[in-house]
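For reference, the structure discussed in these notes is given below.
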Amino acid sequence: MDAILLQILNGLDKGSAYALIALGLTLIFGTLGVVNFAHGALFMIGAFCAVTLQRLLNLSYEVVDETQTDFLGNPLKVKTPYVEAWFGPEFGGAIIDWAVPLAILFAIPIMIGVGYVMERGLIKHFYKRPHADQILVTFGLAIVLQEVVKYFYGANPIQTPAPDALNGVVNLGAAIGMDIVYPVWRVVYFFFAVVIIGGIFSFLQFTTFGMVVRAGMADRETVGLLGINIDRRFTIMFGIAAAVAGLAGVMYTPINSPNYHMGMDFLVLSFVVVVVGGMGSLPGAVLAGFLLGILESFASMNEIKSLIPGIDQIIIYLVAIIILLTRPRGLMGRKGVMED
Amino acid sequence: MFGLNKKDTSLLIIVACLTMFAPFILNPFPTDSGLAQFNAGYPDLMQRFVIFGIFAIGFNILFGLTGYLSFGHAAFLGVGSYSAVWMFKLIGMNVIPAIVLSVIVAGLFALLIGFISLRRSGIYFSILTLAFAQMSFNLAYSVLTPITNGETGLQLTLEDPRILGVSATADGSIPVTNLFGLEMRSTFEMAVGPWAFQFNAGYYLCAFIMLAAFYLSIRIFRSPFGMMLRAVKSNQQRMNYTGLNTRPYTLAAFVISGMYAGLAGGLMASMDPLAGAERMQWTASGEVVLMTILGGAGTLIGPVLGAGFIKYFENIFSKINDNVLHSWFSFMPDGMEDAVVFLIHPFIGKGWHLTLGILFMLVVIFLPGGLVEGGQRIKGWLSGRKAKDDGKAAGETNPAE
Amino acid sequence: MSKFDVSRRGVLKTGAMAGAGVALPTIFTASSAAAFTNEPTGSTVTLGFNVPQTGPYADEGADELRAYELAVEHLNGGGDGGMMNTFSSKALQGNGILGKKVEYVTGDTQTKSDAARASAKSMIEKDGAVMITGGSSSGVAIAVQGLCQEAGVIFMAGLTHSNDTTGKDKKANGFRHFFNGYMSGAALAPVLKNLYGTDRTAYHLTADYTWGWTQEESIAAATEALGWQTVNKVRTPLAATDFSSYIAPVLNSGADVLVLNHYGGNMVNSLTNAVQFGLRDKVVNGKNFEIVVPLYSRLMAKGAGENVKGIHGSTNWHWTLQDEGSKAFVKSFGTKYGFPPSQAAHTCYVQTLLYADAVERAGSFNPCAVVEALEGYEFDGLGNGPTLYRAEDHQCFKDVLVVRGKENPTSEFDLLEVVEVTPRAQVEYAPDHPMFAGGNLGACNPGA
């Protein structure tokens, strides 16, 4: 029982990442009708916002310490971060410790900016082009972005730890008399994802802006005829989608150390999630994200693996095939979207 | 000639000339010059050009004609390679049975996957093919290791039975692939002044098969069957309303293009008897999509150009290192040489992905019809100028889309 | 169809231009028959450095390349000579190899067997490389080794840890200096026994491919010989990034040791996840829960940061070693690049020197002569103590390091500390050991 609850938690956690990325993809697809293969790269850039902030906070000045030597026998240069020098070791140290949560503030403007530039500078010109062209150009962009990151940060994973206070484990089962120990940061990640998803849905549901965007998603031309500048709103939505992917990346860094190809690792998976959810359906994307996350976790349980060897290797794809064969347009897809 | 119209015949002849004289054409620089780095006329790369050309031609029969974007075509190539290597292990080193089996097995595999995937269209079809290919890859890498030898890739060993051949040659090594005794790796080298040209038996086998495959693809493009496939692309619904079942046509196209992929896989294994699981990964499927679109989907020659383009970058640009750069620019003053090398450094060697990514974007942005359109533009530009010189209207040279 | 017509013309023009470039043949001469593949006839000899430059192991590949460049510099008489001064053989003069200046070509393996073979083939067919070396995974090493055997050039393996490289997939033209899974197990076992006792229950998480399996088999056998029990061996997909669903079952499995048979990004993530789940603070069966990472890489350990502290594993070499060879190598590498070399860099540097030395001693670049010179060769002064290149399987036998993640690193390179240098005798095995059985070296192939 404990084991199953634990795997549900794991599934929700994996699902959070899938759902956040798929949500952004669907937002872009639903509003602009663009298949964005660079979305994984946005997730990766978000993660590297956290890395960059951590690096910035750790910018140090060097003092030569004659008493110690480095590996070549030369006097060791002792580094002290400027932040610690300015705010004192205690408060400065705390700021460095909280780099990842702080990176959220850092990442939002950057990601919206990146999204805005991408949409205005490149993707705008591809609205009328075939989907194949959109895929190719965004794929090219994804390669370029990840190679640029690799050039500056190297290919190896870079550790970006969570704040000490959020680093341990918590017993979630204590209240119901069970022993379910789970990492604090993963719980944080799940709630963070829920808040973001909830925020996006209420933004679209309860604001005038959101209403216009939804109307535009349903019938772009009519909304345009009403004298509303729908393009501008869609550009903003692209920025928001980029920010969602970026924040998903920022918060993901303590779970797994980021590297330059993490976007590609998630890209295929998140497309499967979007399609299983149904092209253009936001609730579908979220639902499919959590569903696939949980199924993936269950498939990696030893009991199930011993029953069907290798099931954890293929579960996502197997589920995708079954769902697409039984529900032609995914879980909640609309008719006629991306079917030709 | 060959049942082709005049244009197609001349295209076929041009392609035939290009492939036959590839060892010359691809080696334009003398061996000792600094630019020899850009020579591509060595057997392995020439083989890759034509093999991936076959792969892309086959993919284009499905994607270019029907518009169905398969994201799992590499699976057929992988299956083809595995069957070919197994033939080498069990039967003998002649390439003919291996290639025949790889085409058949890939065709059957394509029939199975196509039958299921073609129940959906658009992106749903793409994801279904992707899912099948990824499942094949993941299983080949892990659970199916007894058949595929997993990460290491399926290789020949001295203990293989090879019932129609020998397990090991007299001098104790593994026999090499051959066509009735003609070794695939045998290469004739011709030195012409400072140039060295290599003529490889395996390359010419691949080239002849590629020409046959290219001819077949022209025939398919021009046949009523090809017409039907184009009709599926332009409006499948209308076809259905006229009471026509399009499924058999699309399935046939899927299987044919799967067999092309299998043929490419079989040839790869025949040139180099190893089959690795990563041949089936989604990135490999993505590569053939890129080749086709980059060259110009739906055109006859485009996919071959795209395949050549990508393979050239992968094999030539990745091998340029700082050392080579320094030798190129050594004529410059020291400071300037370093500056130039510093500027170029991110784009070569380990940065070849970056260059490729930038080129993808440039091609897609400026040449929506792929490299073929680039050729058309140049042609239009040249003849446009000529037209101006002649004082004629240049209107008729606009390429019809 | 006009579209298509136009392209044909375009192609025609390009073809005509390209044709004009080669239309001036002067003298036709058939190439002379060489004694072996790519026999160097001029004043230079070309070596092929085939390392991962893209993909997850690109940083290790970059470090390997640095080591190769350093080795070439030293062979050609540049720099301070590095380990050539401490090497027990004095055949190398610093005037290249056999008086020929060493040149090199580089390529990208992409950590894919296909790409690695393509790259190696181009080095052999186009650049005339007489020896290929490098790589950062066993799949690639085995694939390229097979190719070199067929083509008739020498392959000096880079970082490859699978038993199979010199086990069932060994080849006469291939040589491995790096250690292997069996040696990791044999070296770790006594240390683990001293630290954690003989009454332990281990849980294995293993990357689901051949290298992972051979390491799992080796470690399980070595620890079971101590009296440990193995409660479970779980295979994880190579593509997995989040290991939470594999770690969670460990919590209640009754195991008190977790063995992570992962490398590279997999290792970083699985270790990070294991620490996240609080495994290191757990007490099971009255004993502290422990994690073991049998194959350590300093470059990768950096990605796991704090999480490696106090965790044991094994490596082929570490830059803090205090023998003369290691010190000389660290000094010349560190002076040139500003940071200490990794174990991948070390093994690649050593392999290059060993090849050059073997050619000098054999007096020929002929692969069969080189094989003969390397087989059963005893040497010292290259950082691992007295070392033997065993003739039966072309595997180097030398001391193996057991290391631990350092509690208080003094610099960003100072992540591991050497706990014990396990002597060579302890990690030796018979050539026909069951974990290595089934292969056949075959005969050396000089090609041509």
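Each chain in the structure tokens gets a letter, A, B, ..., in the order shown, and its residues are numbered from 1; ligands are numbered from 1 in order too.
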
Kindly assemble as CSV a list of the chain C residues that lie within 7 Å of chain A, each paired with its nearest atom pair and their distance in Å to one decimal, using only C-alpha atoms, sorted first by chain and then by ascending residue number.
residue,atom,partner,partner_atom,distance
C:Pro56,CA,A:Ala155,CA,6.0
C:Tyr57,CA,A:Ala155,CA,6.9
C:Ala58,CA,A:Ala155,CA,5.7
C:Asp59,CA,A:Ala155,CA,5.5
C:Pro237,CA,A:Gln313,CA,5.8
C:Ser244,CA,A:Asn10,CA,6.3
C:Ser245,CA,A:Ser297,CA,5.3
C:Tyr246,CA,A:Ser300,CA,6.5
C:Ala248,CA,A:Leu6,CA,6.7
C:Pro249,CA,A:Ala3,CA,6.5
C:Gly265,CA,A:Pro157,CA,6.9
C:Asn269,CA,A:Asn256,CA,5.6
C:Thr272,CA,A:Asn256,CA,6.9
C:Asn273,CA,A:Ile255,CA,6.9
C:Gln276,CA,A:Pro183,CA,5.7
C:Phe277,CA,A:Pro183,CA,5.4
C:Gly278,CA,A:Val169,CA,6.1
C:Met300,CA,A:Asn156,CA,6.7
C:Gly303,CA,A:Ile158,CA,4.6
C:Ala304,CA,A:Gln159,CA,5.8
C:Gly305,CA,A:Gln159,CA,5.7
C:Lys331,CA,A:Leu72,CA,6.2
C:Gly334,CA,A:Leu72,CA,6.9

So that I can see what lies close to A:Val83, please list as a list of chain:residue names the residues with an atom at most 10 Å from it, counting only C-alpha atoms and leaving out residues fewer than 6 positions away in the same chain.
A:Leu56, A:Leu57, A:Asn58, A:Leu59, A:Ser60, A:Pro89, A:Phe91, A:Gly92, A:Gly93, A:Ala94, A:Ile95, A:Ile96

Set the distance at 10 Å and use only C-alpha atoms: which residues neighbour B:Asp272 once local chain neighbours fewer than 6 positions away are removed? I'd like the list as an mmCIF file with C-alpha atoms, in the first residue's frame.
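Ended up saving to result-v9.cif:
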data_model
loop_
_atom_site.group_PDB
_atom_site.id
_atom_site.type_symbol
_atom_site.label_atom_id
_atom_site.label_comp_id
_atom_site.auth_asym_id
_atom_site.auth_seq_id
_atom_site.Cartn_x
_atom_site.Cartn_y
_atom_site.Cartn_z
ATOM 1 C CA ASP B 44 32.536 5.378 -46.546
ATOM 2 C CA SER B 81 20.145 -3.781 -40.842
ATOM 3 C CA VAL B 85 23.615 -8.867 -40.251
ATOM 4 C CA GLN B 155 28.437 -7.688 -34.935
ATOM 5 C CA VAL B 176 34.248 -9.781 -45.440
ATOM 6 C CA THR B 177 31.014 -9.041 -47.226
ATOM 7 C CA MET B 184 32.660 -4.800 -50.916
ATOM 8 C CA ARG B 185 35.598 -3.070 -49.334
ATOM 9 C CA GLY B 202 30.704 -1.332 -52.389
ATOM 10 C CA GLY B 266 20.492 -3.787 -45.661
ATOM 11 C CA ASP C 114 27.291 4.120 -36.262
ATOM 12 C CA ARG C 117 32.477 3.912 -37.106
ATOM 13 C CA ALA C 118 31.767 6.450 -39.825
ATOM 14 C CA LYS C 121 36.385 5.007 -41.368
ATOM 15 C CA LEU C 147 36.148 -1.895 -37.436
ATOM 16 C CA GLU C 150 38.676 -5.437 -40.228
#

For A:Gly216, work out the shell of residues within 12 Å, counting only C-alpha atoms and skipping chain neighbours fewer than 4 positions away, then give it as a list of chain:residue names.
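Answer for this query is A:Leu27, A:Gly30, A:Thr31, A:Leu32, A:Gly33, A:Leu204, A:Phe209, A:Gly210, A:Met211, A:Val212, A:Arg220, A:Glu221, A:Thr222, A:Val223, A:Gly224, A:Leu225, A:Leu226, A:Gly227, A:Ile228, A:Asn229, A:Ile230, A:Asp231, A:Arg232, A:Arg233, A:Phe234, A:Met237.
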
Output for the residues just chosen: C-alpha atoms as a PDB file, in the first residue's frame:
ATOM      1  CA  LEU A  27      -1.199  27.158 -25.531  1.00  0.00           C
ATOM      2  CA  GLY A  30      -4.052  26.513 -29.746  1.00  0.00           C
ATOM      3  CA  THR A  31      -3.477  30.231 -30.148  1.00  0.00           C
ATOM      4  CA  LEU A  32      -0.960  30.509 -32.953  1.00  0.00           C
ATOM      5  CA  GLY A  33      -1.433  27.172 -34.663  1.00  0.00           C
ATOM      6  CA  LEU A 204      -8.104  32.387 -19.439  1.00  0.00           C
ATOM      7  CA  PHE A 209      -7.984  39.235 -21.853  1.00  0.00           C
ATOM      8  CA  GLY A 210      -8.394  35.509 -21.408  1.00  0.00           C
ATOM      9  CA  MET A 211     -11.878  35.638 -22.821  1.00  0.00           C
ATOM     10  CA  VAL A 212     -10.627  37.338 -25.967  1.00  0.00           C
ATOM     11  CA  ARG A 220      -9.440  33.977 -35.061  1.00  0.00           C
ATOM     12  CA  GLU A 221     -10.829  35.793 -38.073  1.00  0.00           C
ATOM     13  CA  THR A 222     -14.127  36.790 -36.532  1.00  0.00           C
ATOM     14  CA  VAL A 223     -12.401  38.192 -33.476  1.00  0.00           C
ATOM     15  CA  GLY A 224     -10.123  40.128 -35.773  1.00  0.00           C
ATOM     16  CA  LEU A 225     -13.105  41.474 -37.670  1.00  0.00           C
ATOM     17  CA  LEU A 226     -14.511  42.808 -34.406  1.00  0.00           C
ATOM     18  CA  GLY A 227     -11.581  45.214 -34.360  1.00  0.00           C
ATOM     19  CA  ILE A 228      -9.601  43.427 -31.697  1.00  0.00           C
ATOM     20  CA  ASN A 229      -5.879  43.170 -32.180  1.00  0.00           C
ATOM     21  CA  ILE A 230      -5.738  39.424 -31.655  1.00  0.00           C
ATOM     22  CA  ASP A 231      -2.169  39.084 -32.911  1.00  0.00           C
ATOM     23  CA  ARG A 232      -0.807  41.172 -30.080  1.00  0.00           C
ATOM     24  CA  ARG A 233      -2.657  39.073 -27.546  1.00  0.00           C
ATOM     25  CA  PHE A 234      -1.404  35.893 -29.107  1.00  0.00           C
ATOM     26  CA  MET A 237       0.259  34.277 -24.871  1.00  0.00           C
TER      27      MET A 237
END

Give me, as a ChimeraX atom specification, the residues of chain B touching chain A, with the criterion being at most 9 Å (counting only C-alpha atoms).
/B:67-69,116-117,119-125,127-128,130-132,134-136,138-139,142-143,233,235-236,282,289-290,293-294,346,351,353-365,368

Take the selection from the previous step and output its residues with C-alpha atoms, as a CSV table (one decimal), in the first residue's frame.
chain,number,residue,atom,x,y,z
B,67,GLY,CA,1.6,14.1,-47.0
B,68,TYR,CA,1.6,11.5,-44.2
B,69,LEU,CA,4.5,12.5,-42.0
B,116,ILE,CA,-2.4,0.2,-37.4
B,117,SER,CA,-1.0,3.7,-37.8
B,119,ARG,CA,-6.1,4.4,-39.1
B,120,ARG,CA,-5.4,7.9,-38.0
B,121,SER,CA,-4.2,10.9,-40.0
B,122,GLY,CA,-2.3,14.1,-39.4
B,123,ILE,CA,-0.3,14.5,-36.2
B,124,TYR,CA,-2.0,11.5,-34.7
B,125,PHE,CA,-0.5,9.3,-37.4
B,127,ILE,CA,2.8,10.1,-33.1
B,128,LEU,CA,1.7,6.6,-33.7
B,130,LEU,CA,6.9,7.7,-33.5
B,131,ALA,CA,5.6,5.5,-30.7
B,132,PHE,CA,6.2,2.3,-32.6
B,134,GLN,CA,10.6,4.4,-30.0
B,135,MET,CA,9.3,1.1,-28.6
B,136,SER,CA,11.4,-0.8,-31.1
B,138,ASN,CA,14.0,0.9,-26.4
B,139,LEU,CA,13.4,-2.8,-26.6
B,142,SER,CA,17.6,-3.5,-23.6
B,143,VAL,CA,15.2,-6.5,-23.5
B,233,LYS,CA,-2.6,14.7,-50.1
B,235,ASN,CA,-8.0,16.3,-50.3
B,236,GLN,CA,-8.6,12.9,-48.8
B,282,TRP,CA,13.6,9.1,-33.0
B,289,VAL,CA,12.4,14.0,-42.2
B,290,LEU,CA,14.9,16.8,-42.2
B,293,ILE,CA,12.2,18.7,-46.2
B,294,LEU,CA,15.6,20.4,-46.5
B,346,PRO,CA,32.4,27.7,-32.2
B,351,GLY,CA,30.2,22.9,-32.9
B,353,HIS,CA,25.6,20.8,-34.6
B,354,LEU,CA,25.4,24.6,-34.3
B,355,THR,CA,26.3,25.2,-37.9
B,356,LEU,CA,23.8,22.6,-39.0
B,357,GLY,CA,21.0,24.2,-36.9
B,358,ILE,CA,21.7,27.6,-38.3
B,359,LEU,CA,21.7,26.3,-41.8
B,360,PHE,CA,18.4,24.5,-41.3
B,361,MET,CA,16.9,27.7,-40.2
B,362,LEU,CA,18.3,29.7,-43.0
B,363,VAL,CA,17.2,27.2,-45.6
B,364,VAL,CA,13.7,27.0,-44.2
B,365,ILE,CA,13.3,30.7,-43.8
B,368,PRO,CA,10.5,27.3,-48.4

If you count only C-alpha atoms, which residues fall within 8 Å of stretch 420-426 of chain C, apart from same-chain ones fewer than 2 positions away, as a CSV table (one decimal) with C-alpha atoms, in the first residue's frame?
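Output file out-v5.csv follows:
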chain,number,residue,atom,x,y,z
C,186,ALA,CA,37.5,-7.0,-6.9
C,187,ALA,CA,38.9,-3.7,-5.8
C,191,VAL,CA,37.1,-1.9,1.2
C,397,PHE,CA,46.6,-5.1,-15.4
C,398,LYS,CA,47.5,-2.6,-12.8
C,399,ASP,CA,46.5,-1.2,-9.4
C,400,VAL,CA,42.9,0.1,-9.1
C,401,LEU,CA,41.9,3.1,-7.0
C,402,VAL,CA,39.0,3.0,-4.5
C,403,VAL,CA,37.9,6.6,-4.0
C,418,VAL,CA,41.8,8.1,-2.8
C,428,GLU,CA,43.8,-10.2,-11.6

Give the residues of chain B that lie within 7 Å of chain C; count only C-alpha atoms, and format the answer as a ChimeraX atom specification.
/B:7,11,14,24-25,28,42,44,141-142,150-152,171-173,189-193,276,278,299,315,318-319,321,350,372,375-376,379,399-401

Would you kindly return, as a list in words, each protein, DNA or RNA residue with an atom no farther than 9 Å from any atom of stretch 373-375 of chain C, considering only C-alpha atoms and excluding same-chain residues fewer than 4 positions away?
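So, after excluding close chain neighbours, the residues are Phe175, Leu354, Tyr355, Asp357, Ala358, Val359, Arg361, Ala362, Cys368, Ala369, Leu388, Tyr389, Arg390, Ala391, Glu392, Asp393 and His394 of chain C.
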
How would the residues just chosen look if you wrote them out with N, CA and C atoms as a JSON list (two decimals), in the first residue's frame?
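The result, written out as out_30.json:
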[["chain", "number", "residue", "atom", "x", "y", "z"],
["C", 175, "PHE", "N", 43.42, -2.74, -28.01],
["C", 175, "PHE", "CA", 44.07, -2.77, -26.70],
["C", 175, "PHE", "C", 43.35, -1.85, -25.74],
["C", 354, "LEU", "N", 51.91, 4.63, -25.15],
["C", 354, "LEU", "CA", 52.18, 3.20, -25.25],
["C", 354, "LEU", "C", 52.25, 2.78, -26.71],
["C", 355, "TYR", "N", 51.36, 3.33, -27.52],
["C", 355, "TYR", "CA", 51.38, 2.98, -28.94],
["C", 355, "TYR", "C", 52.70, 3.44, -29.58],
["C", 357, "ASP", "N", 55.48, 4.10, -28.20],
["C", 357, "ASP", "CA", 56.61, 3.33, -27.67],
["C", 357, "ASP", "C", 56.69, 1.96, -28.33],
["C", 358, "ALA", "N", 55.52, 1.32, -28.50],
["C", 358, "ALA", "CA", 55.52, -0.01, -29.11],
["C", 358, "ALA", "C", 56.04, 0.06, -30.54],
["C", 359, "VAL", "N", 55.65, 1.12, -31.27],
["C", 359, "VAL", "CA", 56.14, 1.26, -32.65],
["C", 359, "VAL", "C", 57.66, 1.43, -32.64],
["C", 361, "ARG", "N", 59.78, 0.41, -30.39],
["C", 361, "ARG", "CA", 60.46, -0.83, -30.03],
["C", 361, "ARG", "C", 60.37, -1.85, -31.14],
["C", 362, "ALA", "N", 59.21, -1.87, -31.84],
["C", 362, "ALA", "CA", 59.06, -2.83, -32.92],
["C", 362, "ALA", "C", 59.84, -2.38, -34.16],
["C", 368, "CYS", "N", 50.83, -5.73, -36.96],
["C", 368, "CYS", "CA", 51.19, -7.01, -36.36],
["C", 368, "CYS", "C", 52.46, -6.88, -35.52],
["C", 369, "ALA", "N", 53.38, -6.04, -35.96],
["C", 369, "ALA", "CA", 54.58, -5.80, -35.17],
["C", 369, "ALA", "C", 54.23, -5.06, -33.88],
["C", 388, "LEU", "N", 50.96, -4.50, -16.69],
["C", 388, "LEU", "CA", 51.19, -5.54, -17.69],
["C", 388, "LEU", "C", 50.10, -5.45, -18.76],
["C", 389, "TYR", "N", 50.52, -5.43, -20.03],
["C", 389, "TYR", "CA", 49.54, -5.59, -21.12],
["C", 389, "TYR", "C", 49.45, -7.08, -21.41],
["C", 390, "ARG", "N", 48.41, -7.73, -20.93],
["C", 390, "ARG", "CA", 48.37, -9.18, -21.02],
["C", 390, "ARG", "C", 48.17, -9.63, -22.46],
["C", 391, "ALA", "N", 48.91, -10.64, -22.84],
["C", 391, "ALA", "CA", 48.88, -11.09, -24.23],
["C", 391, "ALA", "C", 47.56, -11.77, -24.58],
["C", 392, "GLU", "N", 46.97, -12.46, -23.60],
["C", 392, "GLU", "CA", 45.81, -13.30, -23.91],
["C", 392, "GLU", "C", 44.58, -12.49, -24.30],
["C", 393, "ASP", "N", 44.42, -11.29, -23.69],
["C", 393, "ASP", "CA", 43.19, -10.54, -23.99],
["C", 393, "ASP", "C", 43.43, -9.05, -24.22],
["C", 394, "HIS", "N", 44.70, -8.63, -24.23],
["C", 394, "HIS", "CA", 45.03, -7.23, -24.51],
["C", 394, "HIS", "C", 44.42, -6.27, -23.49]]

Here is a test: counting only C-alpha atoms, which residue of B:Trp86, B:Phe197, B:Tyr215, B:Phe317 is nearest to B:Asn149?
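Among the listed residues, B:Trp86 lies closest to B:Asn149.
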